>>> print(open('structure.cif').read())   # mmCIF, N, CA and C atoms
data_run
loop_
_atom_site.label_atom_id
_atom_site.label_comp_id
_atom_site.auth_asym_id
_atom_site.auth_seq_id
_atom_site.Cartn_x
_atom_site.Cartn_y
_atom_site.Cartn_z
N MET U 1 3.96 -67.61 84.03
CA MET U 1 4.52 -66.44 84.66
C MET U 1 5.55 -65.81 83.76
N ASN U 2 5.07 -65.07 82.79
CA ASN U 2 6.02 -64.39 81.93
C ASN U 2 5.85 -62.89 82.03
N GLY U 3 6.77 -62.15 81.48
CA GLY U 3 6.77 -60.70 81.58
C GLY U 3 5.66 -60.04 80.79
N SER U 4 5.10 -60.74 79.80
CA SER U 4 4.07 -60.13 78.97
C SER U 4 2.81 -59.86 79.77
N SER U 5 2.48 -60.70 80.76
CA SER U 5 1.28 -60.47 81.56
C SER U 5 1.46 -59.26 82.45
N VAL U 6 2.67 -58.99 82.91
CA VAL U 6 2.91 -57.82 83.75
C VAL U 6 2.89 -56.55 82.89
N ALA U 7 3.42 -56.63 81.67
CA ALA U 7 3.51 -55.46 80.82
C ALA U 7 2.15 -55.00 80.34
N ASN U 8 1.19 -55.89 80.27
CA ASN U 8 -0.12 -55.55 79.73
C ASN U 8 -1.12 -55.15 80.81
N THR U 9 -0.66 -54.77 81.98
CA THR U 9 -1.59 -54.43 83.05
C THR U 9 -2.13 -53.02 82.94
N SER U 10 -1.48 -52.14 82.15
CA SER U 10 -1.98 -50.77 82.03
C SER U 10 -3.22 -50.76 81.15
N PRO U 11 -4.17 -49.85 81.42
CA PRO U 11 -5.39 -49.81 80.62
C PRO U 11 -5.08 -49.44 79.18
N SER U 12 -5.70 -50.14 78.24
CA SER U 12 -5.41 -49.92 76.83
C SER U 12 -6.41 -48.98 76.18
N VAL U 13 -7.50 -48.67 76.86
CA VAL U 13 -8.51 -47.80 76.28
C VAL U 13 -8.39 -46.43 76.92
N LYS U 14 -8.19 -45.41 76.09
CA LYS U 14 -8.11 -44.05 76.60
C LYS U 14 -9.40 -43.32 76.22
N SER U 15 -9.75 -42.40 77.05
CA SER U 15 -10.93 -41.61 76.72
C SER U 15 -10.59 -40.66 75.57
N LYS U 16 -11.61 -40.15 74.93
CA LYS U 16 -11.39 -39.24 73.79
C LYS U 16 -10.70 -37.97 74.25
N GLU U 17 -10.94 -37.55 75.48
CA GLU U 17 -10.30 -36.33 75.99
C GLU U 17 -8.79 -36.54 76.10
N ASP U 18 -8.38 -37.72 76.62
CA ASP U 18 -6.94 -38.00 76.75
C ASP U 18 -6.27 -38.03 75.39
N GLN U 19 -6.93 -38.61 74.40
CA GLN U 19 -6.36 -38.67 73.06
C GLN U 19 -6.27 -37.28 72.46
N GLY U 20 -7.26 -36.46 72.75
CA GLY U 20 -7.26 -35.10 72.20
C GLY U 20 -6.17 -34.25 72.82
N LEU U 21 -5.89 -34.42 74.11
CA LEU U 21 -4.88 -33.62 74.78
C LEU U 21 -3.48 -33.96 74.30
N SER U 22 -3.19 -35.23 74.17
CA SER U 22 -1.85 -35.63 73.78
C SER U 22 -1.64 -35.53 72.27
N GLY U 23 -2.70 -35.67 71.52
CA GLY U 23 -2.56 -35.63 70.08
C GLY U 23 -2.12 -36.97 69.51
N HIS U 24 -1.85 -37.94 70.35
CA HIS U 24 -1.40 -39.27 69.91
C HIS U 24 -2.21 -40.32 70.65
N ASP U 25 -2.49 -41.43 70.01
CA ASP U 25 -3.03 -42.56 70.74
C ASP U 25 -1.87 -43.50 71.07
N GLU U 26 -2.14 -44.61 71.71
CA GLU U 26 -1.06 -45.49 72.17
C GLU U 26 -0.22 -46.04 71.03
N LYS U 27 -0.81 -46.27 69.90
CA LYS U 27 -0.06 -46.85 68.78
C LYS U 27 1.00 -45.89 68.27
N GLU U 28 0.79 -44.63 68.45
CA GLU U 28 1.75 -43.65 67.95
C GLU U 28 2.68 -43.14 69.05
N ASN U 29 2.55 -43.67 70.26
CA ASN U 29 3.37 -43.24 71.38
C ASN U 29 4.82 -43.65 71.11
N PRO U 30 5.75 -42.71 71.07
CA PRO U 30 7.15 -43.06 70.78
C PRO U 30 7.79 -43.87 71.90
N PHE U 31 7.19 -43.86 73.09
CA PHE U 31 7.75 -44.59 74.22
C PHE U 31 6.99 -45.88 74.52
N ALA U 32 6.16 -46.32 73.59
CA ALA U 32 5.32 -47.50 73.82
C ALA U 32 6.15 -48.75 74.12
N GLU U 33 7.28 -48.90 73.46
CA GLU U 33 8.08 -50.09 73.71
C GLU U 33 8.76 -50.08 75.07
N TYR U 34 8.80 -48.93 75.73
CA TYR U 34 9.41 -48.83 77.05
C TYR U 34 8.38 -48.81 78.17
N MET U 35 7.11 -48.99 77.84
CA MET U 35 6.06 -48.93 78.85
C MET U 35 6.16 -50.09 79.85
N TRP U 36 6.81 -51.17 79.47
CA TRP U 36 6.96 -52.29 80.40
C TRP U 36 7.76 -51.87 81.63
N MET U 37 8.59 -50.84 81.47
CA MET U 37 9.40 -50.38 82.59
C MET U 37 8.55 -49.75 83.69
N GLU U 38 7.33 -49.39 83.36
CA GLU U 38 6.42 -48.83 84.34
C GLU U 38 6.19 -49.82 85.48
N ASN U 39 6.16 -51.11 85.15
CA ASN U 39 5.93 -52.18 86.13
C ASN U 39 7.20 -52.98 86.37
N GLU U 40 8.34 -52.32 86.27
CA GLU U 40 9.61 -53.02 86.37
C GLU U 40 9.80 -53.70 87.73
N GLU U 41 9.37 -53.06 88.81
CA GLU U 41 9.53 -53.65 90.14
C GLU U 41 8.73 -54.94 90.27
N ASP U 42 7.50 -54.93 89.75
CA ASP U 42 6.70 -56.16 89.79
C ASP U 42 7.33 -57.25 88.94
N PHE U 43 7.83 -56.86 87.78
CA PHE U 43 8.47 -57.82 86.89
C PHE U 43 9.70 -58.43 87.57
N ASN U 44 10.53 -57.58 88.18
CA ASN U 44 11.74 -58.06 88.86
C ASN U 44 11.39 -58.99 90.01
N ARG U 45 10.36 -58.63 90.78
CA ARG U 45 9.93 -59.47 91.89
C ARG U 45 9.46 -60.83 91.39
N GLN U 46 8.72 -60.83 90.31
CA GLN U 46 8.20 -62.08 89.74
C GLN U 46 9.35 -62.96 89.23
N VAL U 47 10.31 -62.37 88.54
CA VAL U 47 11.45 -63.13 88.04
C VAL U 47 12.28 -63.67 89.20
N GLU U 48 12.45 -62.86 90.24
CA GLU U 48 13.21 -63.31 91.40
C GLU U 48 12.52 -64.49 92.09
N GLU U 49 11.20 -64.44 92.19
CA GLU U 49 10.46 -65.56 92.78
C GLU U 49 10.64 -66.83 91.95
N GLU U 50 10.59 -66.69 90.63
CA GLU U 50 10.79 -67.85 89.75
C GLU U 50 12.19 -68.43 89.93
N LEU U 51 13.19 -67.57 90.02
CA LEU U 51 14.56 -68.05 90.22
C LEU U 51 14.72 -68.74 91.57
N GLN U 52 14.11 -68.19 92.61
CA GLN U 52 14.18 -68.82 93.93
C GLN U 52 13.49 -70.16 93.93
N GLU U 53 12.37 -70.25 93.24
CA GLU U 53 11.64 -71.52 93.15
C GLU U 53 12.48 -72.57 92.42
N GLN U 54 13.11 -72.15 91.32
CA GLN U 54 13.95 -73.08 90.56
C GLN U 54 15.15 -73.53 91.40
N ASP U 55 15.75 -72.61 92.15
CA ASP U 55 16.88 -72.95 93.02
C ASP U 55 16.44 -73.93 94.10
N PHE U 56 15.26 -73.71 94.67
CA PHE U 56 14.73 -74.60 95.69
C PHE U 56 14.52 -76.01 95.11
N LEU U 57 13.95 -76.08 93.92
CA LEU U 57 13.72 -77.39 93.29
C LEU U 57 15.05 -78.09 93.00
N ASP U 58 16.04 -77.33 92.54
CA ASP U 58 17.36 -77.92 92.27
C ASP U 58 17.99 -78.48 93.54
N ARG U 59 17.89 -77.71 94.65
CA ARG U 59 18.46 -78.19 95.92
C ARG U 59 17.73 -79.44 96.42
N CYS U 60 16.40 -79.47 96.28
CA CYS U 60 15.64 -80.64 96.72
C CYS U 60 16.02 -81.87 95.89
N PHE U 61 16.16 -81.67 94.60
CA PHE U 61 16.52 -82.79 93.72
C PHE U 61 17.92 -83.31 94.07
N GLN U 62 18.87 -82.40 94.32
CA GLN U 62 20.22 -82.83 94.68
C GLN U 62 20.22 -83.55 96.02
N GLU U 63 19.43 -83.06 96.97
CA GLU U 63 19.34 -83.71 98.28
C GLU U 63 18.75 -85.12 98.14
N MET U 64 17.77 -85.27 97.26
CA MET U 64 17.17 -86.57 97.03
C MET U 64 18.21 -87.54 96.44
N LEU U 65 19.01 -87.05 95.49
CA LEU U 65 20.05 -87.89 94.90
C LEU U 65 21.10 -88.28 95.94
N ASP U 66 21.47 -87.33 96.82
CA ASP U 66 22.45 -87.64 97.86
C ASP U 66 21.92 -88.69 98.83
N GLU U 67 20.65 -88.59 99.21
CA GLU U 67 20.05 -89.59 100.10
C GLU U 67 20.01 -90.96 99.43
N GLU U 68 19.73 -90.97 98.14
CA GLU U 68 19.69 -92.24 97.40
C GLU U 68 21.08 -92.87 97.37
N ASP U 69 22.12 -92.05 97.19
CA ASP U 69 23.49 -92.58 97.18
C ASP U 69 23.86 -93.17 98.53
N GLN U 70 23.38 -92.57 99.61
CA GLN U 70 23.70 -93.08 100.94
C GLN U 70 23.00 -94.41 101.20
N ASP U 71 21.85 -94.63 100.60
CA ASP U 71 21.10 -95.86 100.82
C ASP U 71 21.73 -97.06 100.10
N TRP U 72 22.43 -96.82 99.02
CA TRP U 72 23.05 -97.92 98.27
C TRP U 72 24.31 -98.37 98.97
N PHE U 73 24.54 -99.68 98.99
CA PHE U 73 25.75 -100.25 99.57
C PHE U 73 26.80 -100.36 98.47
N ILE U 74 27.87 -99.62 98.61
CA ILE U 74 28.98 -99.65 97.65
C ILE U 74 30.20 -100.11 98.42
N PRO U 75 30.67 -101.34 98.17
CA PRO U 75 31.78 -101.91 98.97
C PRO U 75 33.02 -101.04 98.99
N SER U 76 33.42 -100.48 97.86
CA SER U 76 34.64 -99.69 97.84
C SER U 76 34.52 -98.45 98.70
N ARG U 77 33.31 -97.95 98.88
CA ARG U 77 33.10 -96.76 99.69
C ARG U 77 32.74 -97.10 101.14
N ASP U 78 31.92 -98.12 101.33
CA ASP U 78 31.33 -98.38 102.64
C ASP U 78 32.13 -99.35 103.51
N LEU U 79 33.01 -100.14 102.92
CA LEU U 79 33.80 -101.09 103.71
C LEU U 79 35.16 -100.50 104.03
N PRO U 80 35.69 -100.80 105.23
CA PRO U 80 37.05 -100.35 105.54
C PRO U 80 38.05 -101.08 104.63
N GLN U 81 39.26 -100.58 104.58
CA GLN U 81 40.27 -101.15 103.68
C GLN U 81 40.60 -102.60 104.03
N ALA U 82 40.60 -102.97 105.31
CA ALA U 82 40.89 -104.35 105.71
C ALA U 82 39.85 -105.31 105.14
N MET U 83 38.65 -104.82 104.99
CA MET U 83 37.59 -105.66 104.43
C MET U 83 37.88 -106.00 102.97
N GLY U 84 38.64 -105.15 102.31
CA GLY U 84 38.99 -105.43 100.92
C GLY U 84 39.81 -106.70 100.80
N GLN U 85 40.71 -106.93 101.76
CA GLN U 85 41.51 -108.15 101.76
C GLN U 85 40.63 -109.37 101.98
N LEU U 86 39.68 -109.26 102.91
CA LEU U 86 38.76 -110.37 103.15
C LEU U 86 37.93 -110.66 101.91
N GLN U 87 37.53 -109.60 101.25
CA GLN U 87 36.73 -109.80 100.05
C GLN U 87 37.54 -110.51 98.96
N GLN U 88 38.83 -110.18 98.84
CA GLN U 88 39.68 -110.87 97.87
C GLN U 88 39.83 -112.35 98.24
N GLN U 89 39.97 -112.63 99.54
CA GLN U 89 40.08 -114.03 99.97
C GLN U 89 38.79 -114.78 99.69
N LEU U 90 37.66 -114.14 99.93
CA LEU U 90 36.38 -114.79 99.66
C LEU U 90 36.20 -115.06 98.17
N ASN U 91 36.67 -114.13 97.36
CA ASN U 91 36.57 -114.34 95.92
C ASN U 91 37.44 -115.51 95.46
N GLY U 92 38.52 -115.79 96.21
CA GLY U 92 39.41 -116.89 95.86
C GLY U 92 38.88 -118.26 96.27
N LEU U 93 37.87 -118.31 97.13
CA LEU U 93 37.31 -119.59 97.57
C LEU U 93 36.47 -120.22 96.46
N SER U 94 36.46 -121.54 96.46
CA SER U 94 35.63 -122.25 95.48
C SER U 94 34.93 -123.41 96.18
N VAL U 95 33.88 -123.85 95.60
CA VAL U 95 33.11 -124.97 96.15
C VAL U 95 33.71 -126.27 95.62
N SER U 96 33.85 -127.25 96.52
CA SER U 96 34.42 -128.54 96.14
C SER U 96 33.47 -129.28 95.21
N ASP U 97 34.03 -130.00 94.29
CA ASP U 97 33.19 -130.76 93.35
C ASP U 97 32.94 -132.19 93.82
N GLY U 98 33.38 -132.56 95.03
CA GLY U 98 33.06 -133.87 95.60
C GLY U 98 34.20 -134.88 95.53
N HIS U 99 35.31 -134.57 94.91
CA HIS U 99 36.41 -135.52 94.81
C HIS U 99 37.07 -135.76 96.17
N ASP U 100 37.10 -134.76 97.04
CA ASP U 100 37.75 -134.89 98.32
C ASP U 100 36.79 -135.34 99.42
N SER U 101 35.52 -135.58 99.10
CA SER U 101 34.54 -135.92 100.13
C SER U 101 34.85 -137.27 100.78
N GLU U 102 35.38 -138.23 100.05
CA GLU U 102 35.72 -139.54 100.62
C GLU U 102 36.86 -139.39 101.63
N ASP U 103 37.80 -138.51 101.33
CA ASP U 103 38.91 -138.27 102.23
C ASP U 103 38.42 -137.64 103.53
N ILE U 104 37.48 -136.72 103.42
CA ILE U 104 36.92 -136.07 104.61
C ILE U 104 36.14 -137.08 105.44
N LEU U 105 35.37 -137.94 104.80
CA LEU U 105 34.58 -138.93 105.53
C LEU U 105 35.46 -139.92 106.27
N SER U 106 36.58 -140.29 105.71
CA SER U 106 37.46 -141.27 106.37
C SER U 106 38.13 -140.67 107.62
N LYS U 107 38.29 -139.33 107.65
CA LYS U 107 38.92 -138.68 108.80
C LYS U 107 37.89 -138.17 109.81
N SER U 108 36.63 -138.34 109.54
CA SER U 108 35.58 -137.79 110.39
C SER U 108 35.45 -138.56 111.70
N ASN U 109 35.09 -137.86 112.78
CA ASN U 109 34.84 -138.45 114.08
C ASN U 109 33.35 -138.65 114.31
N LEU U 110 32.52 -138.33 113.34
CA LEU U 110 31.07 -138.41 113.51
C LEU U 110 30.60 -139.86 113.35
N ASN U 111 29.50 -140.18 114.07
CA ASN U 111 28.91 -141.51 114.00
C ASN U 111 27.89 -141.52 112.85
N PRO U 112 28.13 -142.29 111.83
CA PRO U 112 27.19 -142.31 110.70
C PRO U 112 25.87 -143.00 111.06
N ASP U 113 25.82 -143.75 112.14
CA ASP U 113 24.60 -144.44 112.53
C ASP U 113 23.78 -143.65 113.55
N ALA U 114 24.23 -142.45 113.90
CA ALA U 114 23.52 -141.66 114.91
C ALA U 114 22.19 -141.14 114.35
N LYS U 115 21.22 -140.92 115.29
CA LYS U 115 19.93 -140.36 114.90
C LYS U 115 20.12 -138.91 114.45
N GLU U 116 19.19 -138.45 113.63
CA GLU U 116 19.23 -137.06 113.14
C GLU U 116 18.95 -136.12 114.30
N PHE U 117 19.73 -135.04 114.38
CA PHE U 117 19.56 -134.07 115.44
C PHE U 117 18.37 -133.18 115.15
N ILE U 118 17.48 -133.08 116.12
CA ILE U 118 16.33 -132.19 116.02
C ILE U 118 16.36 -131.31 117.26
N PRO U 119 16.51 -130.01 117.11
CA PRO U 119 16.59 -129.12 118.28
C PRO U 119 15.33 -129.21 119.13
N GLY U 120 15.50 -129.24 120.44
CA GLY U 120 14.38 -129.26 121.38
C GLY U 120 13.86 -130.65 121.69
N VAL U 121 14.34 -131.68 121.00
CA VAL U 121 13.87 -133.05 121.25
C VAL U 121 14.95 -133.79 122.04
N LYS U 122 14.52 -134.39 123.14
CA LYS U 122 15.47 -135.15 123.95
C LYS U 122 15.34 -136.63 123.61
N TYR U 123 16.49 -137.33 123.56
CA TYR U 123 16.48 -138.75 123.22
C TYR U 123 16.68 -139.60 124.42
#
>>> encode(input="structure.cif", output="structure tokens")
Amino acid sequence: MNGSSVANTSPSVKSKEDQGLSGHDEKENPFAEYMWMENEEDFNRQVEEELQEQDFLDRCFQEMLDEEDQDWFIPSRDLPQAMGQLQQQLNGLSVSDGHDSEDILSKSNLNPDAKEFIPGVKY
């Protein structure tokens, strides 16, 4: 969709009578370079449609990016400020390496000889 296709819509072949009356053919027409203005309204309409189409595509692309941003979970954006403190506390937790397990077992109230618990089974 370029302007050259609109500019070339006028007939390029003139009859011999037309050439004889004017005394010039199209190649010698002093206004030949301005003939595109004959179809200026069509050209403007075509350019406007192209610009509207490009604007529509840009808006759709931006909307797609905005939807994608909403789908991603970003803690700094999606969590309330109080959750930030919890997150810091969670980051400070560590898994025990087993040195304190004997101490926990000695203080436990659980029966080490008890049967394994299986949900739904009555003993």
>>> atom_distance(input="structure.cif", atom1="atom N of Glu49 (chain U)", atom2="atom C of Glu33 (chain U)")
22.5 Å
>>> atom_distance(input="structure.cif", atom1="CA of Glu41 (chain U)", atom2="CA of Glu53 (chain U)")
18.2 Å
>>> atom_distance(input="structure.cif", atom1="atom C of Lys107 (chain U)", atom2="CA of Pro119 (chain U)")
24.6 Å
